[in-house]
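Asks: As input, take target38.txt (compact mmCIF, C-alpha atoms):
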```txt
# COMPACT_ATOMS: atom_id res chain seq x y z
CA ARG A 1 0.00 0.00 0.00
CA SER A 2 1.36 3.38 -0.99
CA GLY A 3 -0.50 5.96 1.07
CA GLN A 4 -2.14 8.50 -1.20
CA ARG A 5 -0.38 7.30 -4.34
CA ALA A 6 -2.06 4.95 -6.82
CA VAL A 7 0.62 2.34 -7.40
CA THR A 8 -0.75 -1.12 -6.65
CA VAL A 9 -4.10 -2.66 -7.56
CA GLN A 10 -5.11 -2.29 -3.91
CA ASP A 11 -4.19 1.41 -3.98
CA PHE A 12 -6.42 2.03 -6.99
CA GLU A 13 -9.33 0.19 -5.40
CA ARG A 14 -8.97 2.00 -2.06
CA LEU A 15 -8.65 5.44 -3.65
CA THR A 16 -11.62 4.79 -5.95
CA LEU A 17 -13.79 3.90 -2.96
CA GLU A 18 -12.60 7.09 -1.25
CA ALA A 19 -13.45 9.20 -4.31
CA SER A 20 -17.22 9.00 -3.92
CA THR A 21 -19.82 7.49 -1.62
CA GLU A 22 -21.64 6.45 -4.81
CA VAL A 23 -18.99 3.78 -5.40
CA ALA A 24 -20.21 0.60 -3.69
CA ARG A 25 -17.58 -1.80 -5.03
CA VAL A 26 -14.61 -1.65 -7.36
CA ARG A 27 -12.25 -4.07 -9.00
CA CYS A 28 -8.92 -2.95 -10.44
CA LEU A 29 -7.39 -4.92 -13.30
CA ALA A 30 -3.71 -4.32 -13.89
CA PRO A 31 -2.55 -3.95 -17.50
CA ASP A 32 -1.73 -7.16 -19.34
CA ARG A 33 1.00 -5.41 -21.32
CA PRO A 34 3.03 -2.21 -20.92
CA GLY A 35 1.21 0.82 -22.27
CA GLN A 36 -2.27 -0.52 -21.57
CA PRO A 37 -4.49 1.33 -19.10
CA VAL A 38 -5.30 0.35 -15.56
CA ARG A 39 -8.96 -0.72 -15.68
CA LEU A 40 -11.40 0.09 -12.90
CA LEU A 41 -14.68 -1.82 -12.84
CA ILE A 42 -17.11 0.07 -10.62
CA VAL A 43 -20.37 -1.13 -9.11
CA PRO A 44 -22.42 1.90 -8.08
CA GLY A 45 -24.57 1.89 -4.99
CA ILE A 46 -28.24 1.68 -5.90
CA HIS A 47 -31.42 1.43 -3.85
CA GLY A 48 -34.35 -0.95 -3.98
CA ARG A 49 -34.81 -4.65 -3.38
CA PRO A 50 -32.55 -7.13 -5.22
CA ASP A 51 -35.51 -8.45 -7.24
CA GLU A 52 -36.04 -4.91 -8.56
CA HIS A 53 -32.46 -4.37 -9.75
CA GLN A 54 -32.15 -3.99 -13.52
CA LEU A 55 -29.08 -3.83 -15.75
CA ASP A 56 -29.50 -0.11 -16.46
CA ASP A 57 -29.47 0.64 -12.73
CA PHE A 58 -25.76 -0.27 -12.69
CA ALA A 59 -24.74 2.21 -15.40
CA LEU A 60 -22.22 4.84 -14.32
CA GLY A 61 -23.24 8.47 -14.53
CA ASP A 62 -20.88 10.97 -16.12
CA THR A 63 -20.51 12.88 -12.86
CA LEU A 64 -19.40 9.77 -10.96
CA VAL A 65 -16.82 8.88 -13.62
CA GLU A 66 -15.49 12.44 -13.65
CA THR A 67 -15.27 12.47 -9.84
CA VAL A 68 -13.28 9.22 -9.76
CA VAL A 69 -10.93 10.33 -12.53
CA ALA A 70 -10.35 13.70 -10.87
CA HIS A 71 -9.55 12.01 -7.56
CA LEU A 72 -7.06 9.60 -9.15
CA GLU A 73 -5.43 12.09 -11.52
CA PRO A 74 -2.99 13.69 -9.05
CA ARG A 75 -2.32 10.32 -7.39
CA ARG A 76 -1.46 8.14 -10.37
CA LEU A 77 2.09 7.55 -11.55
CA LEU A 78 3.29 9.51 -14.54
CA GLY A 79 2.54 7.58 -17.71
CA THR A 80 -0.25 5.53 -16.13
CA THR A 81 -3.62 5.83 -17.82
CA VAL A 82 -6.89 4.83 -16.20
CA ASP A 83 -10.01 3.42 -17.87
CA VAL A 84 -13.20 3.61 -15.77
CA GLY A 85 -16.07 1.28 -16.61
CA THR A 86 -18.41 -1.35 -15.23
CA PRO A 87 -18.17 -5.11 -14.88
CA TYR A 88 -19.98 -7.25 -17.42
CA TYR A 89 -23.20 -8.33 -15.75
CA GLN A 90 -24.03 -11.92 -16.62
CA GLY A 91 -27.74 -12.49 -16.21
CA MET A 92 -28.62 -15.71 -14.40
CA SER A 93 -32.01 -17.37 -14.20
CA VAL A 94 -32.42 -20.20 -11.71
CA ALA A 95 -35.09 -22.88 -12.04
CA ALA A 96 -35.75 -24.85 -8.87
CA LEU A 97 -38.14 -27.61 -7.85
CA VAL A 98 -38.72 -27.86 -4.11
CA GLN A 99 -40.89 -29.92 -1.80
CA ALA A 100 -42.65 -27.95 0.93
CA LEU A 101 -43.14 -29.21 4.47
CA PRO A 102 -46.66 -30.52 5.13
CA GLY A 103 -49.10 -27.73 5.90
CA ARG A 104 -46.90 -24.92 4.60
CA PRO A 105 -48.53 -22.64 2.00
CA ALA A 106 -46.87 -23.18 -1.37
CA THR A 107 -47.15 -19.51 -2.33
CA LEU A 108 -45.34 -18.39 0.81
CA VAL A 109 -42.58 -21.00 0.43
CA ARG A 110 -42.14 -20.03 -3.22
CA GLN A 111 -41.82 -16.31 -2.38
CA ARG A 112 -39.26 -17.00 0.35
CA ALA A 113 -37.21 -19.13 -2.04
CA LEU A 114 -37.34 -16.44 -4.73
CA ASP A 115 -36.27 -13.76 -2.25
CA VAL A 116 -33.24 -15.86 -1.29
CA LEU A 117 -32.23 -16.40 -4.93
CA TYR A 118 -32.58 -12.74 -5.92
CA ARG A 119 -30.59 -11.63 -2.91
CA HIS A 120 -27.85 -14.26 -3.22
CA LEU A 121 -27.09 -13.44 -6.88
CA ASP A 122 -26.96 -9.68 -6.41
CA PRO A 123 -23.84 -7.58 -7.12
CA LEU A 124 -24.42 -5.47 -4.01
CA VAL A 125 -25.77 -7.76 -1.28
CA GLY A 126 -25.20 -11.24 -2.70
CA GLY A 127 -22.68 -13.95 -2.01
CA ALA A 128 -21.95 -15.90 1.14
CA ASP A 129 -20.81 -12.80 3.04
CA GLU A 130 -23.70 -10.63 1.72
CA GLN A 131 -21.21 -8.03 0.44
CA GLY A 132 -22.07 -8.61 -3.21
CA TRP A 133 -21.45 -11.58 -5.45
CA PRO A 134 -17.64 -11.92 -5.48
CA PHE A 135 -15.52 -11.62 -8.58
CA ASP A 136 -13.86 -14.85 -9.79
CA THR A 137 -16.54 -17.00 -8.16
CA ASP A 138 -18.48 -19.49 -10.28
CA LEU A 139 -22.09 -20.43 -9.64
CA ASN A 140 -22.84 -23.98 -8.59
CA ALA A 141 -26.33 -25.51 -8.56
CA SER A 142 -25.53 -27.74 -5.59
CA ALA A 143 -24.55 -24.72 -3.49
CA LEU A 144 -27.83 -23.04 -4.38
CA ALA A 145 -29.71 -26.21 -3.47
CA GLU A 146 -28.10 -26.13 -0.02
CA LEU A 147 -29.13 -22.49 0.34
CA LEU A 148 -32.72 -23.24 -0.66
CA GLU A 149 -32.91 -26.14 1.80
CA MET A 150 -32.44 -23.61 4.61
CA VAL A 151 -35.50 -21.63 3.52
CA GLU A 152 -38.31 -21.75 6.07
CA GLY A 153 -40.95 -24.23 4.90
CA VAL A 154 -38.77 -26.19 2.47
CA GLU A 155 -38.54 -29.91 3.18
CA ARG A 156 -36.13 -30.74 0.38
CA VAL A 157 -34.82 -29.43 -2.94
CA GLU A 158 -35.37 -31.84 -5.78
CA GLU A 159 -33.67 -30.00 -8.63
CA VAL A 160 -31.80 -26.79 -9.43
CA LEU A 161 -30.77 -25.73 -12.92
CA LEU A 162 -28.87 -22.63 -14.00
CA PHE A 163 -29.59 -20.70 -17.19
CA GLU A 164 -27.60 -17.85 -18.67
CA TYR A 165 -29.91 -14.94 -19.38
CA ASP A 166 -29.58 -12.07 -21.83
CA LEU A 167 -30.45 -9.00 -19.77
CA ARG A 168 -31.02 -6.89 -22.89
CA THR A 169 -33.37 -9.18 -24.82
CA GLY A 170 -34.96 -10.85 -21.80
CA THR A 171 -34.29 -14.40 -23.02
CA ARG A 172 -32.61 -17.48 -21.65
CA HIS A 173 -29.62 -18.97 -23.47
CA GLY A 174 -28.90 -22.65 -23.89
CA THR A 175 -29.94 -25.50 -21.65
CA GLY A 176 -29.96 -25.72 -17.88
CA ARG A 177 -26.58 -26.38 -16.30
CA GLU A 178 -25.21 -27.25 -12.89
CA LEU A 179 -22.15 -24.98 -13.09
CA VAL A 180 -21.65 -21.57 -14.70
CA HIS A 181 -18.19 -20.00 -14.91
CA VAL A 182 -17.64 -16.27 -14.69
CA ASP A 183 -14.54 -14.42 -15.88
CA ARG A 184 -12.53 -11.87 -13.94
CA GLU A 185 -14.45 -8.92 -15.41
CA SER A 186 -17.95 -10.23 -14.69
CA LEU A 187 -20.53 -10.46 -11.95
CA PHE A 188 -23.82 -12.35 -11.83
CA LEU A 189 -27.14 -10.50 -11.80
CA SER A 190 -30.45 -12.21 -11.04
CA ALA A 191 -33.03 -12.47 -13.80
CA ARG A 192 -36.45 -14.15 -13.74
CA HIS A 193 -35.94 -17.03 -11.37
CA HIS A 194 -38.57 -19.79 -11.35
CA VAL A 195 -39.44 -21.86 -8.30
CA VAL A 196 -41.99 -24.66 -8.39
CA VAL A 197 -43.26 -25.87 -5.03
CA ARG A 198 -44.84 -29.28 -4.61
```
Show this structure as C-alpha cells.
Replies:
Amino acid sequence: RSGQRAVTVQDFERLTLEASTEVARVRCLAPDRPGQPVRLLIVPGIHGRPDEHQLDDFALGDTLVETVVAHLEPRRLLGTTVDVGTPYYQGMSVAALVQALPGRPATLVRQRALDVLYRHLDPLVGGADEQGWPFDTDLNASALAELLEMVEGVERVEEVLLFEYDLRTGTRHGTGRELVHVDRESLFLSARHHVVVR
C-alpha cells in the first residue's frame, strides 16, 4: 500500500472507494502489457430490493466517472492511464423444484425461495458474506440447493438448474446447467428465477 499514491491494484481500489460514496464496489485490473491502461470496474450503490435491480441501474453516470478520474489524476504515476467502466453483468435465471413441508402454504414458500435467490445473486448484497457476489466466483447448482434447503418451509430441494440470461433481450440462453463459470471482469445479476413448489 502506498498511502495516497495509486501504485498497486489495492491502492487504486482503495482510492476509488474514497473518491465518492456512490462507489459501492470496485475491482482494479492491472494492464496485461506495458502501455495498456489500468482498468477500474465500478459497481455503483443503488437502492431498492434485489428483485427490482435492472441492468440499467448499474450504469455509471458521467458525474461519478469524472469524480473518480479527478480524484485519481494527481495520485497516479506519470505515464499511467486509467479506464473507468463497469463489470460485465451476466444475467442468471435459476429454475428450482422444491418440496414444501406438510401444511406450509406453497405460495409463501415459493416467495421466500425467490427472495433468497434474488438476494444471493446480487452484485451489491449477494454472495456468502452478503457483500455482493464476489468476482472470480463461479455459480454452482448444488450450493444453491443447499441455500434453498435452509428456507423456512422447504422440506427438500429436488432439482436446481442454471440458465444464462440475456439482460437486454430478456431471453434465456442454452440449456440448464449445474455450473456456470464467470470471468474476472464479470458479476452475476439475477433475472427471472422460477421456483416450483410441490
Asks: So how far away is CA of Gly170 in chain A from CA of Ala145 in chain A, in Å?
Replies: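 Result for CA of Ala145 in chain A versus CA of Gly170 in chain A: 24.5 Å, one decimal.
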Asks: Which neighbours of Thr169 in chain A fall inside 12 Å, counting all atoms listed in the file, when residues of the same chain fewer than 2 positions from it are skipped, and could you give them as number ranges by chain?
Replies: A: 55, 91, 165-167, 171-173, 191
Asks: Check the smallest atom-to-atom distance from each of A:Leu139, A:Thr81, A:Gln111, A:Leu97 to Glu178 in chain A using only C-alpha atoms, then report the winner.
Replies: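 That would be A:Leu139, the residue with the smallest distance to Glu178 in chain A.
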Asks: Please provide as a PyMOL selection string all residues within 10 Å of Gly79 in chain A, with the sequence filter that same-chain residues fewer than 3 positions apart are discarded (counting all atoms listed in the file).
Replies: chain A and resi 35+37+76+82
Asks: Output, as JSON, the centre and edge lengths in Å (one decimal) of the axis-aligned box that contains all listed atoms of range 94-97 of chain A with 8 Å of margin on each side.
Replies:
```
{"center_x": -35.3, "center_y": -23.9, "center_z": -9.9, "size_x": 21.7, "size_y": 23.4, "size_z": 20.2}
```
Asks: Out of A:Arg39, A:His120, A:His71, A:Arg112, which residue has the shortest atom-to-atom distance to Ala143 in chain A when counting only C-alpha atoms?
Replies: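 Selected residue with least distance to Ala143 in chain A: A:His120.
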Asks: Hey, which of A:Ser190, A:Gln54, A:Thr80, A:Thr63 ends up closest to Ser20 in chain A? Count all atoms listed in the file.
Replies: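 Closest to Ser20 in chain A, using all atoms listed in the file: A:Thr63.
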Asks: Name the closest residue to Glu18 in chain A among the candidates A:Pro34, A:Val69, A:Gly174, A:Leu60; distances are taken between atoms, counting only C-alpha atoms.
Replies: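 So, comparing all the options, the nearest one is A:Val69.
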Asks: Between A:Asp32, A:Glu22, A:Glu164, A:Glu149, which one has atoms that come closest to Gln99 in chain A, using only C-alpha atoms?
Replies: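 The shortest atom-to-atom distance to Gln99 in chain A comes from A:Glu149.
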Asks: Skipping near chain neighbours, those fewer than 2 positions away, what residues fall within 12 Å of Asp83 in chain A using only C-alpha atoms, listed as a PyMOL selection string?
Replies: chain A and resi 12+27-31+36-42+65-66+68-69+72-73+80-81+85-86
Asks: Which residue, A:Arg156, A:Arg5, A:His194, A:Arg25, has the smallest gap to Leu78 in chain A when you use all atoms listed in the file?
Replies: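 Of A:Arg156, A:Arg5, A:His194, A:Arg25, the one nearest Leu78 in chain A is A:Arg5, counting all atoms listed in the file.
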Asks: Report the distance between CA of Arg110 in chain A and CA of Ala96 in chain A in Å, rounded to one decimal place.
Replies: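 According to the coordinates, CA of Arg110 in chain A and CA of Ala96 in chain A are separated by 9.8 Å.
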Asks: Contacts of Glu158 in chain A at 12 Å or less, counting all atoms listed in the file, minus same-chain residues fewer than 3 places along, as a list of chain:residue names?
Replies: A:Ala95, A:Ala96, A:Leu97, A:Val98, A:Gln99, A:Ala100, A:Ala141, A:Ser142, A:Leu144, A:Ala145, A:Glu146, A:Leu148, A:Glu149, A:Val154, A:Glu155, A:Leu161, A:Val195, A:Val196, A:Val197, A:Arg198
Asks: Please, what distance in Å, to one decimal, runs between CA of Asp51 in chain A and CA of Asp115 in chain A?
Replies: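 Separation between CA of Asp51 in chain A and CA of Asp115 in chain A: 7.3 Å.
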Asks: How would range 18-29 of chain A look with all heavy atoms restored, written as a PDB file, keeping the file's coordinate frame?
Replies:
```pdb
ATOM      1  N   GLU A  18     -12.664   5.821  -1.968  1.00  0.00           N
ATOM      2  CA  GLU A  18     -12.600   7.090  -1.250  1.00  0.00           C
ATOM      3  C   GLU A  18     -13.125   8.256  -2.093  1.00  0.00           C
ATOM      4  O   GLU A  18     -13.542   9.279  -1.554  1.00  0.00           O
ATOM      5  CB  GLU A  18     -11.153   7.390  -0.829  1.00  0.00           C
ATOM      6  CG  GLU A  18     -10.610   6.470   0.242  1.00  0.00           C
ATOM      7  CD  GLU A  18      -9.143   6.744   0.525  1.00  0.00           C
ATOM      8  OE1 GLU A  18      -8.574   7.673  -0.107  1.00  0.00           O
ATOM      9  OE2 GLU A  18      -8.562   6.031   1.366  1.00  0.00           O
ATOM     10  N   ALA A  19     -13.105   8.091  -3.410  1.00  0.00           N
ATOM     11  CA  ALA A  19     -13.450   9.200  -4.310  1.00  0.00           C
ATOM     12  C   ALA A  19     -14.897   9.623  -4.193  1.00  0.00           C
ATOM     13  O   ALA A  19     -15.208  10.815  -4.310  1.00  0.00           O
ATOM     14  CB  ALA A  19     -13.144   8.802  -5.757  1.00  0.00           C
ATOM     15  N   SER A  20     -15.797   8.669  -3.962  1.00  0.00           N
ATOM     16  CA  SER A  20     -17.220   9.000  -3.920  1.00  0.00           C
ATOM     17  C   SER A  20     -17.981   7.953  -3.122  1.00  0.00           C
ATOM     18  O   SER A  20     -17.705   6.753  -3.232  1.00  0.00           O
ATOM     19  CB  SER A  20     -17.794   9.078  -5.330  1.00  0.00           C
ATOM     20  OG  SER A  20     -19.203   9.212  -5.295  1.00  0.00           O
ATOM     21  N   THR A  21     -18.960   8.422  -2.367  1.00  0.00           N
ATOM     22  CA  THR A  21     -19.820   7.490  -1.620  1.00  0.00           C
ATOM     23  C   THR A  21     -20.750   6.728  -2.570  1.00  0.00           C
ATOM     24  O   THR A  21     -21.383   5.762  -2.160  1.00  0.00           O
ATOM     25  CB  THR A  21     -20.663   8.233  -0.583  1.00  0.00           C
ATOM     26  OG1 THR A  21     -21.419   9.266  -1.241  1.00  0.00           O
ATOM     27  CG2 THR A  21     -19.779   8.851   0.485  1.00  0.00           C
ATOM     28  N   GLU A  22     -20.823   7.158  -3.826  1.00  0.00           N
ATOM     29  CA  GLU A  22     -21.640   6.450  -4.810  1.00  0.00           C
ATOM     30  C   GLU A  22     -20.990   5.170  -5.302  1.00  0.00           C
ATOM     31  O   GLU A  22     -21.641   4.354  -5.944  1.00  0.00           O
ATOM     32  CB  GLU A  22     -21.945   7.360  -5.999  1.00  0.00           C
ATOM     33  CG  GLU A  22     -22.838   8.537  -5.667  1.00  0.00           C
ATOM     34  CD  GLU A  22     -23.098   9.383  -6.894  1.00  0.00           C
ATOM     35  OE1 GLU A  22     -23.281   8.801  -7.985  1.00  0.00           O
ATOM     36  OE2 GLU A  22     -23.108  10.618  -6.777  1.00  0.00           O
ATOM     37  N   VAL A  23     -19.697   5.005  -5.014  1.00  0.00           N
ATOM     38  CA  VAL A  23     -18.990   3.780  -5.400  1.00  0.00           C
ATOM     39  C   VAL A  23     -19.225   2.732  -4.316  1.00  0.00           C
ATOM     40  O   VAL A  23     -18.763   2.880  -3.187  1.00  0.00           O
ATOM     41  CB  VAL A  23     -17.480   4.020  -5.583  1.00  0.00           C
ATOM     42  CG1 VAL A  23     -16.771   2.712  -5.920  1.00  0.00           C
ATOM     43  CG2 VAL A  23     -17.236   5.062  -6.669  1.00  0.00           C
ATOM     44  N   ALA A  24     -19.939   1.665  -4.653  1.00  0.00           N
ATOM     45  CA  ALA A  24     -20.210   0.600  -3.690  1.00  0.00           C
ATOM     46  C   ALA A  24     -19.096  -0.446  -3.687  1.00  0.00           C
ATOM     47  O   ALA A  24     -18.673  -0.925  -2.635  1.00  0.00           O
ATOM     48  CB  ALA A  24     -21.547  -0.062  -3.990  1.00  0.00           C
ATOM     49  N   ARG A  25     -18.637  -0.801  -4.886  1.00  0.00           N
ATOM     50  CA  ARG A  25     -17.580  -1.800  -5.030  1.00  0.00           C
ATOM     51  C   ARG A  25     -16.715  -1.423  -6.228  1.00  0.00           C
ATOM     52  O   ARG A  25     -17.181  -0.728  -7.140  1.00  0.00           O
ATOM     53  CB  ARG A  25     -18.160  -3.203  -5.278  1.00  0.00           C
ATOM     54  CG  ARG A  25     -19.050  -3.727  -4.192  1.00  0.00           C
ATOM     55  CD  ARG A  25     -19.635  -5.074  -4.591  1.00  0.00           C
ATOM     56  NE  ARG A  25     -18.582  -6.069  -4.791  1.00  0.00           N
ATOM     57  CZ  ARG A  25     -18.770  -7.242  -5.393  1.00  0.00           C
ATOM     58  NH1 ARG A  25     -19.962  -7.546  -5.883  1.00  0.00           N
ATOM     59  NH2 ARG A  25     -17.779  -8.101  -5.539  1.00  0.00           N
ATOM     60  N   VAL A  26     -15.490  -1.893  -6.211  1.00  0.00           N
ATOM     61  CA  VAL A  26     -14.610  -1.650  -7.360  1.00  0.00           C
ATOM     62  C   VAL A  26     -13.623  -2.785  -7.486  1.00  0.00           C
ATOM     63  O   VAL A  26     -13.179  -3.349  -6.485  1.00  0.00           O
ATOM     64  CB  VAL A  26     -13.866  -0.294  -7.228  1.00  0.00           C
ATOM     65  CG1 VAL A  26     -12.995  -0.265  -5.981  1.00  0.00           C
ATOM     66  CG2 VAL A  26     -13.041  -0.009  -8.472  1.00  0.00           C
ATOM     67  N   ARG A  27     -13.315  -3.118  -8.722  1.00  0.00           N
ATOM     68  CA  ARG A  27     -12.250  -4.070  -9.000  1.00  0.00           C
ATOM     69  C   ARG A  27     -11.257  -3.414  -9.937  1.00  0.00           C
ATOM     70  O   ARG A  27     -11.642  -2.825 -10.949  1.00  0.00           O
ATOM     71  CB  ARG A  27     -12.768  -5.344  -9.629  1.00  0.00           C
ATOM     72  CG  ARG A  27     -11.620  -6.198 -10.198  1.00  0.00           C
ATOM     73  CD  ARG A  27     -12.031  -7.619 -10.421  1.00  0.00           C
ATOM     74  NE  ARG A  27     -11.247  -8.479  -9.558  1.00  0.00           N
ATOM     75  CZ  ARG A  27     -11.075  -9.767  -9.771  1.00  0.00           C
ATOM     76  NH1 ARG A  27     -11.638 -10.372 -10.787  1.00  0.00           N
ATOM     77  NH2 ARG A  27     -10.340 -10.487  -8.963  1.00  0.00           N
ATOM     78  N   CYS A  28      -9.973  -3.498  -9.597  1.00  0.00           N
ATOM     79  CA  CYS A  28      -8.920  -2.950 -10.440  1.00  0.00           C
ATOM     80  C   CYS A  28      -8.236  -4.098 -11.174  1.00  0.00           C
ATOM     81  O   CYS A  28      -7.844  -5.100 -10.562  1.00  0.00           O
ATOM     82  CB  CYS A  28      -7.904  -2.182  -9.591  1.00  0.00           C
ATOM     83  SG  CYS A  28      -6.526  -1.519 -10.551  1.00  0.00           S
ATOM     84  N   LEU A  29      -8.100  -3.941 -12.477  1.00  0.00           N
ATOM     85  CA  LEU A  29      -7.390  -4.920 -13.300  1.00  0.00           C
ATOM     86  C   LEU A  29      -6.124  -4.269 -13.819  1.00  0.00           C
ATOM     87  O   LEU A  29      -6.163  -3.265 -14.539  1.00  0.00           O
ATOM     88  CB  LEU A  29      -8.270  -5.383 -14.466  1.00  0.00           C
ATOM     89  CG  LEU A  29      -9.579  -6.080 -14.094  1.00  0.00           C
ATOM     90  CD1 LEU A  29     -10.381  -6.410 -15.345  1.00  0.00           C
ATOM     91  CD2 LEU A  29      -9.304  -7.345 -13.292  1.00  0.00           C
TER      92      LEU A  29
END
```
